[in-house]
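Q: Have a look at this one.
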Amino acid sequence: FGTHTTAGYTLRLNVSSGRIDHDASNSHNRGNVYVLHFTNAANNSFILQAKNTIVLVQYSMLTTALTAQNETVVVRDTTLTSRIIIALGAATNCTVNVSRVTAPYIQISGSTARNVSYVVGQSTFSNYIYFSITSWIGSSIG
């Protein structure tokens with residue numbers, strides 16, 4: 001089958017009013033944001049800034065065997081009723097920045113973090129902050 005990589009994309013969501021309507025029913029006042037990688041990922045950026053309340057944000061490689069290289073994941077100025085999930089699999093030279101967020105939970109996981117910067121600041125998590133990285137190589141949490 002070969003190896004495939006999702007590369008070079010920027011997804012920027014600035015939600016200042018209205019709704020995230022995941023099924024086009026126009027019946028939701030909150031929503032979920034999923035960015036799920038079924039292949040390796042490189043040089044992509046995901047930036048979420050939601051002034052209204054949303055339920056869940058998930059940015060994930062779907063298995064820990066998938067690689068994330070030079071990925072940027074930013075969640076800021078957002079209130080969630082559930083959680084943030086960031087799972088980068090085998091990550092190299094990535095940046096995760098979560099700031100000015102209010103949520104019950106944040107979960108950050110992966111198999112390897114090589115030269116990865118995780119910054120979680122100016123945020124409130126009422127239930128728990130969960131980090132699970134199997135192998136740390138030159139990475140930091142701040």
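Chain lettering (A, B, ...) mirrors the order of the structure tokens, residue numbering begins at 1 for each chain separately, and ligand numbering begins at 1 in order of display.
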Please identify all polymer residues within 6 Å of Ala42 of chain A, counting only C-alpha atoms, omitting same-chain residues fewer than 3 positions from it, and present them as a list in words.
A: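 Listed by chain and then number, they are Ala7, Ala68, Gln69, Asn70 and Glu71 of chain A.
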Q: Keeping only C-alpha atoms, write the selected residues to a file as a PDB file, in the first residue's frame.
A:
```pdb
ATOM      1  CA  ALA A   7       0.996  17.607   4.353  1.00  0.00           C
ATOM      2  CA  ALA A  68       3.336  13.790  13.159  1.00  0.00           C
ATOM      3  CA  GLN A  69       6.195  15.975  11.892  1.00  0.00           C
ATOM      4  CA  ASN A  70       6.312  19.769  12.163  1.00  0.00           C
ATOM      5  CA  GLU A  71       2.656  19.900  13.206  1.00  0.00           C
TER       6      GLU A  71
END
```
Q: Residues of chain A in strand (DSSP E) according to DSSP, as a PyMOL selection string?
A: chain A and resi 5-7+10-15+32-37+40-42+45-50+53-61+67-69+72-87+90-92+95-114+117-121+124-137+140-141
Q: Which of these residues is nearest to Ala91 of chain A, using only C-alpha atoms: A:Gly8, A:Gly138, A:Pro104, A:Gly121?
A: A:Gly138
Q: Between atom CA of Arg76 of chain A and atom CA of Ala50 of chain A, what is the distance, to one decimal in Å?
A: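 Those two atoms sit 7.5 Å apart.
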Q: If you count only C-alpha atoms, which residues fall within 12 Å of segment 132-136 of chain A, apart from same-chain ones fewer than 6 positions away, as an MDAnalysis selection string?
A: chainID A and resid 64 85:92 106:118
Q: Residues as selected, N, CA and C atoms, written as a PDB file, in the first residue's frame, can you do that?
A:
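And here is the file that came out, out_18.pdb:
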```pdb
ATOM      1  N   THR A  64      -1.055   5.209  17.416  1.00  0.00           N
ATOM      2  CA  THR A  64       0.224   5.722  17.904  1.00  0.00           C
ATOM      3  C   THR A  64       1.362   5.403  16.945  1.00  0.00           C
ATOM      4  N   ILE A  85      -8.678  16.903  23.305  1.00  0.00           N
ATOM      5  CA  ILE A  85      -7.894  15.686  23.130  1.00  0.00           C
ATOM      6  C   ILE A  85      -6.866  15.960  22.025  1.00  0.00           C
ATOM      7  N   ILE A  86      -5.590  15.790  22.357  1.00  0.00           N
ATOM      8  CA  ILE A  86      -4.528  15.951  21.370  1.00  0.00           C
ATOM      9  C   ILE A  86      -3.661  14.693  21.446  1.00  0.00           C
ATOM     10  N   ALA A  87      -3.657  13.916  20.375  1.00  0.00           N
ATOM     11  CA  ALA A  87      -2.897  12.658  20.328  1.00  0.00           C
ATOM     12  C   ALA A  87      -2.052  12.668  19.056  1.00  0.00           C
ATOM     13  N   LEU A  88      -0.753  12.899  19.213  1.00  0.00           N
ATOM     14  CA  LEU A  88       0.107  13.081  18.051  1.00  0.00           C
ATOM     15  C   LEU A  88       0.854  11.828  17.624  1.00  0.00           C
ATOM     16  N   GLY A  89       0.626  10.689  18.243  1.00  0.00           N
ATOM     17  CA  GLY A  89       1.340   9.485  17.836  1.00  0.00           C
ATOM     18  C   GLY A  89       2.831   9.663  18.055  1.00  0.00           C
ATOM     19  N   ALA A  90       3.630   9.320  17.061  1.00  0.00           N
ATOM     20  CA  ALA A  90       5.073   9.520  17.114  1.00  0.00           C
ATOM     21  C   ALA A  90       5.366  10.916  16.557  1.00  0.00           C
ATOM     22  N   ALA A  91       5.621  11.879  17.454  1.00  0.00           N
ATOM     23  CA  ALA A  91       5.718  13.287  17.067  1.00  0.00           C
ATOM     24  C   ALA A  91       7.169  13.766  17.041  1.00  0.00           C
ATOM     25  N   THR A  92       7.495  14.547  16.005  1.00  0.00           N
ATOM     26  CA  THR A  92       8.824  15.142  15.871  1.00  0.00           C
ATOM     27  C   THR A  92       8.679  16.606  15.464  1.00  0.00           C
ATOM     28  N   ILE A 106      -8.316  18.103  29.803  1.00  0.00           N
ATOM     29  CA  ILE A 106      -7.440  18.113  28.638  1.00  0.00           C
ATOM     30  C   ILE A 106      -6.654  16.808  28.674  1.00  0.00           C
ATOM     31  N   GLN A 107      -6.565  16.151  27.524  1.00  0.00           N
ATOM     32  CA  GLN A 107      -5.818  14.904  27.391  1.00  0.00           C
ATOM     33  C   GLN A 107      -4.797  15.081  26.275  1.00  0.00           C
ATOM     34  N   ILE A 108      -3.528  14.874  26.591  1.00  0.00           N
ATOM     35  CA  ILE A 108      -2.464  14.941  25.600  1.00  0.00           C
ATOM     36  C   ILE A 108      -1.713  13.619  25.663  1.00  0.00           C
ATOM     37  N   SER A 109      -1.582  12.965  24.504  1.00  0.00           N
ATOM     38  CA  SER A 109      -0.947  11.658  24.506  1.00  0.00           C
ATOM     39  C   SER A 109      -0.167  11.430  23.218  1.00  0.00           C
ATOM     40  N   GLY A 110       0.654  10.399  23.249  1.00  0.00           N
ATOM     41  CA  GLY A 110       1.421  10.000  22.085  1.00  0.00           C
ATOM     42  C   GLY A 110       2.414   8.916  22.447  1.00  0.00           C
ATOM     43  N   SER A 111       3.025   8.329  21.445  1.00  0.00           N
ATOM     44  CA  SER A 111       4.007   7.284  21.712  1.00  0.00           C
ATOM     45  C   SER A 111       5.393   7.878  21.938  1.00  0.00           C
ATOM     46  N   THR A 112       5.800   8.817  21.093  1.00  0.00           N
ATOM     47  CA  THR A 112       7.120   9.434  21.198  1.00  0.00           C
ATOM     48  C   THR A 112       6.988  10.935  20.980  1.00  0.00           C
ATOM     49  N   ALA A 113       7.678  11.704  21.801  1.00  0.00           N
ATOM     50  CA  ALA A 113       7.756  13.156  21.613  1.00  0.00           C
ATOM     51  C   ALA A 113       9.221  13.511  21.452  1.00  0.00           C
ATOM     52  N   ARG A 114       9.611  13.826  20.225  1.00  0.00           N
ATOM     53  CA  ARG A 114      10.995  14.189  19.922  1.00  0.00           C
ATOM     54  C   ARG A 114      11.012  15.663  19.525  1.00  0.00           C
ATOM     55  N   ASN A 115      11.650  16.499  20.373  1.00  0.00           N
ATOM     56  CA  ASN A 115      11.719  17.944  20.126  1.00  0.00           C
ATOM     57  C   ASN A 115      10.320  18.542  19.954  1.00  0.00           C
ATOM     58  N   VAL A 116       9.444  18.204  20.863  1.00  0.00           N
ATOM     59  CA  VAL A 116       8.063  18.707  20.853  1.00  0.00           C
ATOM     60  C   VAL A 116       7.887  19.662  22.027  1.00  0.00           C
ATOM     61  N   SER A 117       7.230  20.786  21.766  1.00  0.00           N
ATOM     62  CA  SER A 117       6.931  21.763  22.807  1.00  0.00           C
ATOM     63  C   SER A 117       5.445  21.724  23.116  1.00  0.00           C
ATOM     64  N   TYR A 118       5.122  21.407  24.369  1.00  0.00           N
ATOM     65  CA  TYR A 118       3.745  21.431  24.845  1.00  0.00           C
ATOM     66  C   TYR A 118       3.621  22.599  25.811  1.00  0.00           C
TER      67      TYR A 118
END
```
Q: Show which residues sit within 6 Å of Thr78 of chain A, as a ChimeraX atom specification. Count only C-alpha atoms, and ignore same-chain residues fewer than 5 positions away.
A: /A:49-51,101
Q: Print the selection's residues with all heavy atoms to a file, as a JSON list (two decimals), in the first residue's frame.
A:
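Full text of part_2.json as output:
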```
[["chain", "number", "residue", "atom", "x", "y", "z"],
["A", 49, "GLN", "N", -9.90, 29.17, 17.59],
["A", 49, "GLN", "CA", -10.21, 30.26, 18.51],
["A", 49, "GLN", "C", -11.72, 30.43, 18.47],
["A", 49, "GLN", "O", -12.27, 30.91, 17.49],
["A", 49, "GLN", "CB", -9.51, 31.55, 18.08],
["A", 49, "GLN", "CG", -9.73, 32.70, 19.02],
["A", 49, "GLN", "CD", -8.85, 33.89, 18.66],
["A", 49, "GLN", "OE1", -8.00, 33.81, 17.79],
["A", 49, "GLN", "NE2", -9.08, 34.99, 19.33],
["A", 50, "ALA", "N", -12.39, 29.98, 19.53],
["A", 50, "ALA", "CA", -13.86, 29.97, 19.54],
["A", 50, "ALA", "C", -14.36, 30.83, 20.69],
["A", 50, "ALA", "O", -14.18, 30.48, 21.85],
["A", 50, "ALA", "CB", -14.40, 28.55, 19.67],
["A", 51, "LYS", "N", -14.97, 31.94, 20.37],
["A", 51, "LYS", "CA", -15.49, 32.84, 21.40],
["A", 51, "LYS", "C", -16.76, 32.29, 22.03],
["A", 51, "LYS", "O", -17.12, 32.66, 23.14],
["A", 51, "LYS", "CB", -15.77, 34.23, 20.82],
["A", 51, "LYS", "CG", -14.53, 34.91, 20.30],
["A", 51, "LYS", "CD", -13.60, 35.30, 21.42],
["A", 51, "LYS", "CE", -12.44, 36.11, 20.89],
["A", 51, "LYS", "NZ", -11.51, 36.51, 21.89],
["A", 101, "VAL", "N", -8.02, 28.88, 27.90],
["A", 101, "VAL", "CA", -9.06, 27.88, 27.68],
["A", 101, "VAL", "C", -9.68, 27.50, 29.01],
["A", 101, "VAL", "O", -8.99, 27.38, 30.02],
["A", 101, "VAL", "CB", -8.46, 26.62, 26.99],
["A", 101, "VAL", "CG1", -9.44, 25.46, 27.00],
["A", 101, "VAL", "CG2", -8.04, 26.96, 25.57]]
```
Q: Could you pull the residues within 7 Å of Asn32 of chain A, counting only C-alpha atoms, minus those fewer than 2 positions along the same chain, as a PyMOL selection string?
A: chain A and resi 34+54-57
Q: Go ahead and save the picked residues with N, CA, C and O atoms, as a compact mmCIF listing (two decimals), in the first residue's frame.
A:
```txt
# COMPACT_ATOMS: atom_id res chain seq x y z
N TYR A 34 -13.39 17.96 15.14
CA TYR A 34 -12.49 16.82 15.02
C TYR A 34 -11.55 17.04 13.84
O TYR A 34 -12.00 17.34 12.74
N ILE A 54 -18.09 25.50 22.90
CA ILE A 54 -18.20 24.28 22.12
C ILE A 54 -18.05 23.09 23.06
O ILE A 54 -17.72 23.26 24.24
N VAL A 55 -18.28 21.89 22.56
CA VAL A 55 -18.27 20.71 23.42
C VAL A 55 -16.88 20.10 23.50
O VAL A 55 -16.31 19.94 24.57
N LEU A 56 -16.30 19.75 22.35
CA LEU A 56 -15.09 18.95 22.34
C LEU A 56 -14.21 19.35 21.17
O LEU A 56 -14.71 19.68 20.10
N VAL A 57 -12.89 19.32 21.38
CA VAL A 57 -11.92 19.50 20.32
C VAL A 57 -10.99 18.30 20.34
O VAL A 57 -10.46 17.94 21.40
```
Q: Just give me the gap between atom CA of His37 of chain A and atom CA of Ile129 of chain A in Å, one decimal is fine.
A: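 Here the two named atoms are 23.0 Å from each other.
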Q: Have a look at A:Ser139, A:Ser126, A:Thr10, A:Ser82 and name the one nearest to Ser45 of chain A; count only C-alpha atoms.
A: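 With only C-alpha atoms as the atom set, the closest residue is A:Thr10.
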Q: Do you know which residues are at most 10 Å from Val74 of chain A counting only C-alpha atoms, after dropping those on the same chain fewer than 6 positions away, and could you put them as a short mmCIF file (atom, residue, chain, number, x, y, z; two decimals) with all heavy atoms, in the first residue's frame?
A:
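What ended up in out-v2.cif:
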```
data_model
loop_
_atom_site.label_atom_id
_atom_site.label_comp_id
_atom_site.auth_asym_id
_atom_site.auth_seq_id
_atom_site.Cartn_x
_atom_site.Cartn_y
_atom_site.Cartn_z
N ARG A 12 -7.76 26.98 10.04
CA ARG A 12 -7.94 28.02 11.04
C ARG A 12 -9.44 28.23 11.24
O ARG A 12 -10.15 28.55 10.29
CB ARG A 12 -7.29 29.32 10.59
CG ARG A 12 -7.38 30.45 11.60
CD ARG A 12 -6.78 31.73 11.07
NE ARG A 12 -5.40 31.59 10.69
CZ ARG A 12 -4.36 31.79 11.51
NH1 ARG A 12 -4.57 32.14 12.75
NH2 ARG A 12 -3.13 31.64 11.07
N SER A 45 -1.03 22.89 10.13
CA SER A 45 -1.37 23.76 11.25
C SER A 45 -2.87 23.69 11.51
O SER A 45 -3.66 23.74 10.57
CB SER A 45 -1.00 25.21 10.96
OG SER A 45 0.38 25.36 10.80
N PHE A 46 -3.21 23.59 12.78
CA PHE A 46 -4.61 23.65 13.21
C PHE A 46 -4.70 24.71 14.29
O PHE A 46 -4.01 24.63 15.31
CB PHE A 46 -5.08 22.30 13.77
CG PHE A 46 -6.42 22.37 14.43
CD1 PHE A 46 -7.56 22.56 13.68
CD2 PHE A 46 -6.54 22.25 15.81
CE1 PHE A 46 -8.80 22.63 14.29
CE2 PHE A 46 -7.77 22.32 16.43
CZ PHE A 46 -8.91 22.51 15.66
N ILE A 47 -5.53 25.73 14.06
CA ILE A 47 -5.68 26.83 15.00
C ILE A 47 -7.16 27.02 15.26
O ILE A 47 -7.93 27.27 14.33
CB ILE A 47 -5.06 28.13 14.44
CG1 ILE A 47 -3.58 27.89 14.13
CG2 ILE A 47 -5.24 29.28 15.42
CD1 ILE A 47 -2.96 28.94 13.23
N LEU A 48 -7.56 26.90 16.51
CA LEU A 48 -8.96 27.09 16.90
C LEU A 48 -9.05 28.22 17.90
O LEU A 48 -8.36 28.21 18.92
CB LEU A 48 -9.55 25.81 17.52
CG LEU A 48 -10.95 25.97 18.11
CD1 LEU A 48 -11.98 26.24 17.02
CD2 LEU A 48 -11.33 24.76 18.92
N GLN A 49 -9.90 29.17 17.59
CA GLN A 49 -10.21 30.26 18.51
C GLN A 49 -11.72 30.43 18.47
O GLN A 49 -12.27 30.91 17.49
CB GLN A 49 -9.51 31.55 18.08
CG GLN A 49 -9.73 32.70 19.02
CD GLN A 49 -8.85 33.89 18.66
OE1 GLN A 49 -8.00 33.81 17.79
NE2 GLN A 49 -9.08 34.99 19.33
N TYR A 59 -7.70 16.62 18.09
CA TYR A 59 -6.72 16.62 17.01
C TYR A 59 -5.88 15.38 17.22
O TYR A 59 -5.12 15.29 18.20
CB TYR A 59 -5.85 17.87 17.06
CG TYR A 59 -4.95 18.02 15.85
CD1 TYR A 59 -5.38 18.77 14.76
CD2 TYR A 59 -3.72 17.40 15.78
CE1 TYR A 59 -4.58 18.90 13.64
CE2 TYR A 59 -2.91 17.52 14.66
CZ TYR A 59 -3.35 18.28 13.59
OH TYR A 59 -2.56 18.41 12.48
N THR A 95 4.57 21.56 17.78
CA THR A 95 4.22 22.55 18.79
C THR A 95 2.76 22.40 19.14
O THR A 95 1.90 22.38 18.25
CB THR A 95 4.48 23.98 18.27
OG1 THR A 95 5.86 24.11 17.93
CG2 THR A 95 4.10 25.01 19.30
N VAL A 96 2.47 22.30 20.42
CA VAL A 96 1.09 22.29 20.93
C VAL A 96 0.97 23.45 21.90
O VAL A 96 1.75 23.56 22.85
CB VAL A 96 0.75 20.96 21.64
CG1 VAL A 96 -0.63 21.02 22.27
CG2 VAL A 96 0.87 19.79 20.67
N ASN A 97 0.02 24.35 21.65
CA ASN A 97 -0.17 25.52 22.49
C ASN A 97 -1.64 25.65 22.84
O ASN A 97 -2.47 25.83 21.95
CB ASN A 97 0.34 26.78 21.79
CG ASN A 97 0.33 27.98 22.70
OD1 ASN A 97 -0.66 28.25 23.37
ND2 ASN A 97 1.43 28.71 22.72
N VAL A 98 -1.94 25.54 24.12
CA VAL A 98 -3.31 25.70 24.62
C VAL A 98 -3.28 26.86 25.60
O VAL A 98 -2.56 26.81 26.60
CB VAL A 98 -3.79 24.40 25.32
CG1 VAL A 98 -5.17 24.61 25.92
CG2 VAL A 98 -3.78 23.24 24.34
N SER A 99 -4.03 27.92 25.28
CA SER A 99 -3.99 29.09 26.16
C SER A 99 -5.36 29.76 26.23
O SER A 99 -6.14 29.74 25.29
CB SER A 99 -2.94 30.10 25.67
OG SER A 99 -3.24 30.56 24.38
N VAL A 119 2.77 23.58 25.47
CA VAL A 119 2.55 24.72 26.35
C VAL A 119 1.06 24.78 26.67
O VAL A 119 0.22 24.86 25.77
CB VAL A 119 3.00 26.04 25.68
CG1 VAL A 119 2.66 27.23 26.57
CG2 VAL A 119 4.48 26.00 25.36
#
```
